[in-house]
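Visitor: Please read through the structure below; I'll follow up with questions.
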Amino acid sequence: MKFALVTGASRGIGRAVSLKLASDGFSVLINYKSNDSEAFETLRLIKESGGEAFLLKFDVSDKTQVTESLGKWLLEHEGDYIDVVVNNAGIRKDNLMFFMSDDDWSSVIDTNLNSFFYVTRHLIKDMVMNKHGRIINVVSLSGLKGLPGQANYSASKAGVIGATKALAQELGKKNITVNAVAPGFIKTEMTDGLNEKELKSMIPLNRFGESSEVAELVGFLASDKASYITGQVISINGGLYS
Ligand code: NAP
């Protein structure tokens with residue numbers, strides 16, 4: 001069985017992606033930071049539908065925790081390897097830059113950008129040895145066009161977009177693809193406080209997206225059907241961009 005690691009999989013887009021990958025036959029490693037009950041719910045939903053999954057709790061922004069948790073998993077699962085990683089965990093701490101605190105800046109950069117490096121670097125060796133792998137990064141419309149009040153978040157996502165393009169060129173010859181998906185407004189706790197009625201008028205499809213719609217795209221990129229797509233940033237935003 002092939003393993004897929006999904007970071008930030010206790011809720012929102014990460015949960016939907018986990019369900020999709022499990023239904024496509026992957027054994028899913030459900031990463032999350034602190035919300036045990038929601039993570040167990042993701043696990044329960046996967047098992048209820050006949051899939052296989054395990055919880056893997058660690059803080060993606062903490063280099064030591066990432067190294068220890070992934071190192072332990074890899075040691076305990078000799079012969080297995082993680083074929084798909086979905087770097088999805090993310091936070092936002094919006095503020096005009098004039099008012100932005102050091103913590104607002106660094107926690108968003110650590111969680112959204114540095115985590116990509118901390119997590120992915122541990123998985124590349126096995127992908128190279130197995131001559132197959134899928135690295136999928138969940139970025140944002142905000143990282144493509146920049147949004148006011150999100151200098152930290154836009155910078156973090158733009159950073160992952162650059163790293164996606166660079167790593168795709170490093171790993172292409174090894175049959176490992178590296179892509180990013182860039183959602184617009186998706187209905188999750190992250191967008192809970194936003195006024196959908198007001199904002200949807202800007203969106204050609206006239207609504208916020210569902211996590212399951214993003215999961216379909218991620219599932220496609222993880223599949224063999226996407227074998228010739230790499231280094232791309234694929235928008236999923238109801239036509240909002242540009
Ligand atoms: P969400 O509902 O707020 O869920 C966030 C998830 O990330 C949770 O599972 C949370 O775990 C996990 N997480 C947060 N910090 C973490 C850390 N340090 N270590 C490990 N896990 C951590 O968010 P979402 O809307 O699904 O967003 C998922 C991704 O999509 C993010 O990268 C976000 O930037 C991106 N995105 C979302 C939208 C949108 O409209 N929703 C649009 C564009 C991009 P706990 O439950 O343990 O806290």
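Ligands are numbered from 1 in the order shown, residues from 1 within each chain, and chains are lettered A, B, ... in the order they appear in the structure tokens.
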So which residues touch stretch 8-10 of chain A within 8 Å, counting only C-alpha atoms, skipping near sequence neighbours fewer than 2 positions away, as a short mmCIF file (atom, residue, chain, number, x, y, z; two decimals) with N, CA and C atoms, in the first residue's frame?

Guide:
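Listing of around-v7.cif after writing:
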```cif
data_model
loop_
_atom_site.label_atom_id
_atom_site.label_comp_id
_atom_site.auth_asym_id
_atom_site.auth_seq_id
_atom_site.Cartn_x
_atom_site.Cartn_y
_atom_site.Cartn_z
N VAL A 6 -0.60 13.97 4.66
CA VAL A 6 -1.32 15.23 4.46
C VAL A 6 -1.13 16.08 5.71
N GLY A 12 -11.00 21.11 7.50
CA GLY A 12 -10.98 21.88 6.26
C GLY A 12 -10.48 21.12 5.04
N ILE A 13 -9.65 21.79 4.27
CA ILE A 13 -9.16 21.24 3.01
C ILE A 13 -8.36 19.96 3.25
N GLY A 14 -7.55 19.95 4.31
CA GLY A 14 -6.72 18.78 4.61
C GLY A 14 -7.55 17.54 4.88
N ARG A 15 -8.68 17.72 5.59
CA ARG A 15 -9.55 16.57 5.84
C ARG A 15 -10.13 16.04 4.52
N ALA A 16 -10.61 16.96 3.69
CA ALA A 16 -11.21 16.54 2.41
C ALA A 16 -10.18 15.83 1.53
N VAL A 17 -8.95 16.35 1.53
CA VAL A 17 -7.88 15.73 0.73
C VAL A 17 -7.58 14.33 1.28
N SER A 18 -7.56 14.20 2.59
CA SER A 18 -7.29 12.89 3.20
C SER A 18 -8.35 11.87 2.80
N ILE A 30 -2.42 11.28 8.77
CA ILE A 30 -3.17 12.51 9.08
C ILE A 30 -2.35 13.35 10.05
N ASN A 31 -1.72 14.40 9.53
CA ASN A 31 -0.96 15.27 10.44
C ASN A 31 -1.87 16.41 10.92
N TYR A 32 -1.60 16.88 12.13
CA TYR A 32 -2.28 18.05 12.68
C TYR A 32 -1.45 18.58 13.83
N LYS A 33 -1.86 19.76 14.35
CA LYS A 33 -1.04 20.37 15.40
C LYS A 33 -1.57 20.08 16.80
N ASN A 35 -5.56 19.78 17.48
CA ASN A 35 -7.00 19.52 17.61
C ASN A 35 -7.30 18.01 17.53
N ASP A 36 -7.08 17.32 18.67
CA ASP A 36 -7.20 15.86 18.67
C ASP A 36 -8.58 15.38 18.22
N GLU A 38 -10.87 16.71 16.28
CA GLU A 38 -11.12 16.85 14.83
C GLU A 38 -10.26 15.86 14.04
N ALA A 39 -9.03 15.64 14.50
CA ALA A 39 -8.17 14.67 13.81
C ALA A 39 -8.76 13.26 13.90
N PHE A 40 -9.29 12.91 15.09
CA PHE A 40 -9.94 11.60 15.24
C PHE A 40 -11.16 11.50 14.34
N GLU A 41 -11.84 12.63 14.14
CA GLU A 41 -13.02 12.61 13.25
C GLU A 41 -12.59 12.33 11.80
N THR A 42 -11.47 12.92 11.37
CA THR A 42 -10.96 12.61 10.01
C THR A 42 -10.65 11.11 9.92
N ASN A 87 1.51 19.29 1.30
CA ASN A 87 1.86 20.32 2.28
C ASN A 87 0.70 21.31 2.33
N ASN A 88 -0.20 21.06 3.27
CA ASN A 88 -1.46 21.81 3.32
C ASN A 88 -1.60 22.67 4.57
N ALA A 89 -0.95 22.27 5.68
CA ALA A 89 -1.13 23.00 6.95
C ALA A 89 -0.84 24.48 6.73
N GLY A 90 -1.72 25.32 7.25
CA GLY A 90 -1.48 26.75 7.07
C GLY A 90 -2.31 27.58 8.03
#
```

Visitor: Using DSSP on the backbone coordinates, identify the residues of stretch 53-130 of chain A assigned to alpha helix (DSSP H); present them as a VMD selection string.

Guide: chain A and resid 63 to 76 102 to 109 115 to 130

Visitor: For ligand 1, which residue out of A:Ala151, A:Met202, A:Val160, A:Leu141 is the nearest one, using only C-alpha atoms and all ligand atoms?

Guide: A:Leu141

Visitor: Please extract the residues of stretch 15-242 of chain A with a backbone DSSP assignment of strand (DSSP E) and present them as a PyMOL selection string.

Guide: chain A and resi 27-32+52-57+82-87+133-138+176-183+233-236

Visitor: Just want the 9 Å neighbourhood of stretch 93-106 of chain A, counted on only C-alpha atoms, with same-chain residues fewer than 6 positions away dropped. Output as a CSV table (one decimal) with C-alpha atoms, in the first residue's frame.

Guide:
```
chain,number,residue,atom,x,y,z
A,148,PRO,CA,-3.7,43.9,1.3
A,149,GLY,CA,-3.6,42.9,5.0
A,150,GLN,CA,-1.8,39.7,4.1
A,151,ALA,CA,1.9,40.7,3.5
A,152,ASN,CA,2.9,37.8,5.7
A,153,TYR,CA,0.6,35.3,4.2
```

Visitor: List the neighbours of A:Leu240 out to 7 Å using only C-alpha atoms; skip same-chain residues closer than 3 positions along the sequence, and give me the result as number ranges by chain.

Guide: A: 202-204, 237

Visitor: Please, what distance in Å, to one decimal, runs between atom CA of A:Asn130 and atom CA of A:Phe116?

Guide: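 Pair atom CA of A:Asn130 / atom CA of A:Phe116 returns 21.0 Å.
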
Visitor: Within 9 Å of A:Gln232, counting only C-alpha atoms, which residues show up once you throw out same-chain ones fewer than 3 positions away? Write them as a PDB file with C-alpha atoms, in the first residue's frame, please.

Guide:
```pdb
ATOM      1  CA  ILE A 161       5.332  28.843  -5.265  1.00  0.00           C
ATOM      2  CA  THR A 164       7.657  24.423  -6.077  1.00  0.00           C
ATOM      3  CA  LYS A 165       9.066  25.570  -9.412  1.00  0.00           C
ATOM      4  CA  ALA A 168      10.190  20.447  -9.838  1.00  0.00           C
ATOM      5  CA  VAL A 178       6.060  18.926  -7.707  1.00  0.00           C
ATOM      6  CA  ASN A 179       2.994  21.117  -8.118  1.00  0.00           C
ATOM      7  CA  ALA A 180       0.981  23.705  -6.230  1.00  0.00           C
ATOM      8  CA  VAL A 181      -2.747  24.303  -6.024  1.00  0.00           C
ATOM      9  CA  ILE A 229       2.370  17.790 -15.032  1.00  0.00           C
TER      10      ILE A 229
END
```

Visitor: Nearest residue to ligand 1 out of A:Lys57, A:Arg44, A:Lys173, A:His132, using only C-alpha atoms and all ligand atoms?

Guide: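 Nearest candidate to ligand 1 out of A:Lys57, A:Arg44, A:Lys173, A:His132: A:Lys57.
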
Visitor: Name all residues at most 10 Å from A:Ile124 (count only C-alpha atoms; drop same-chain ones fewer than 2 positions away) and give them as number ranges by chain.

Guide: A: 82-83, 85, 119-122, 126-130, 132-135, 171, 176

Visitor: Within 12 Å of stretch 206-217 of chain A, counting only C-alpha atoms, which residues qualify if same-chain residues fewer than 6 places away don't, as a count of residues only?

Guide: 55
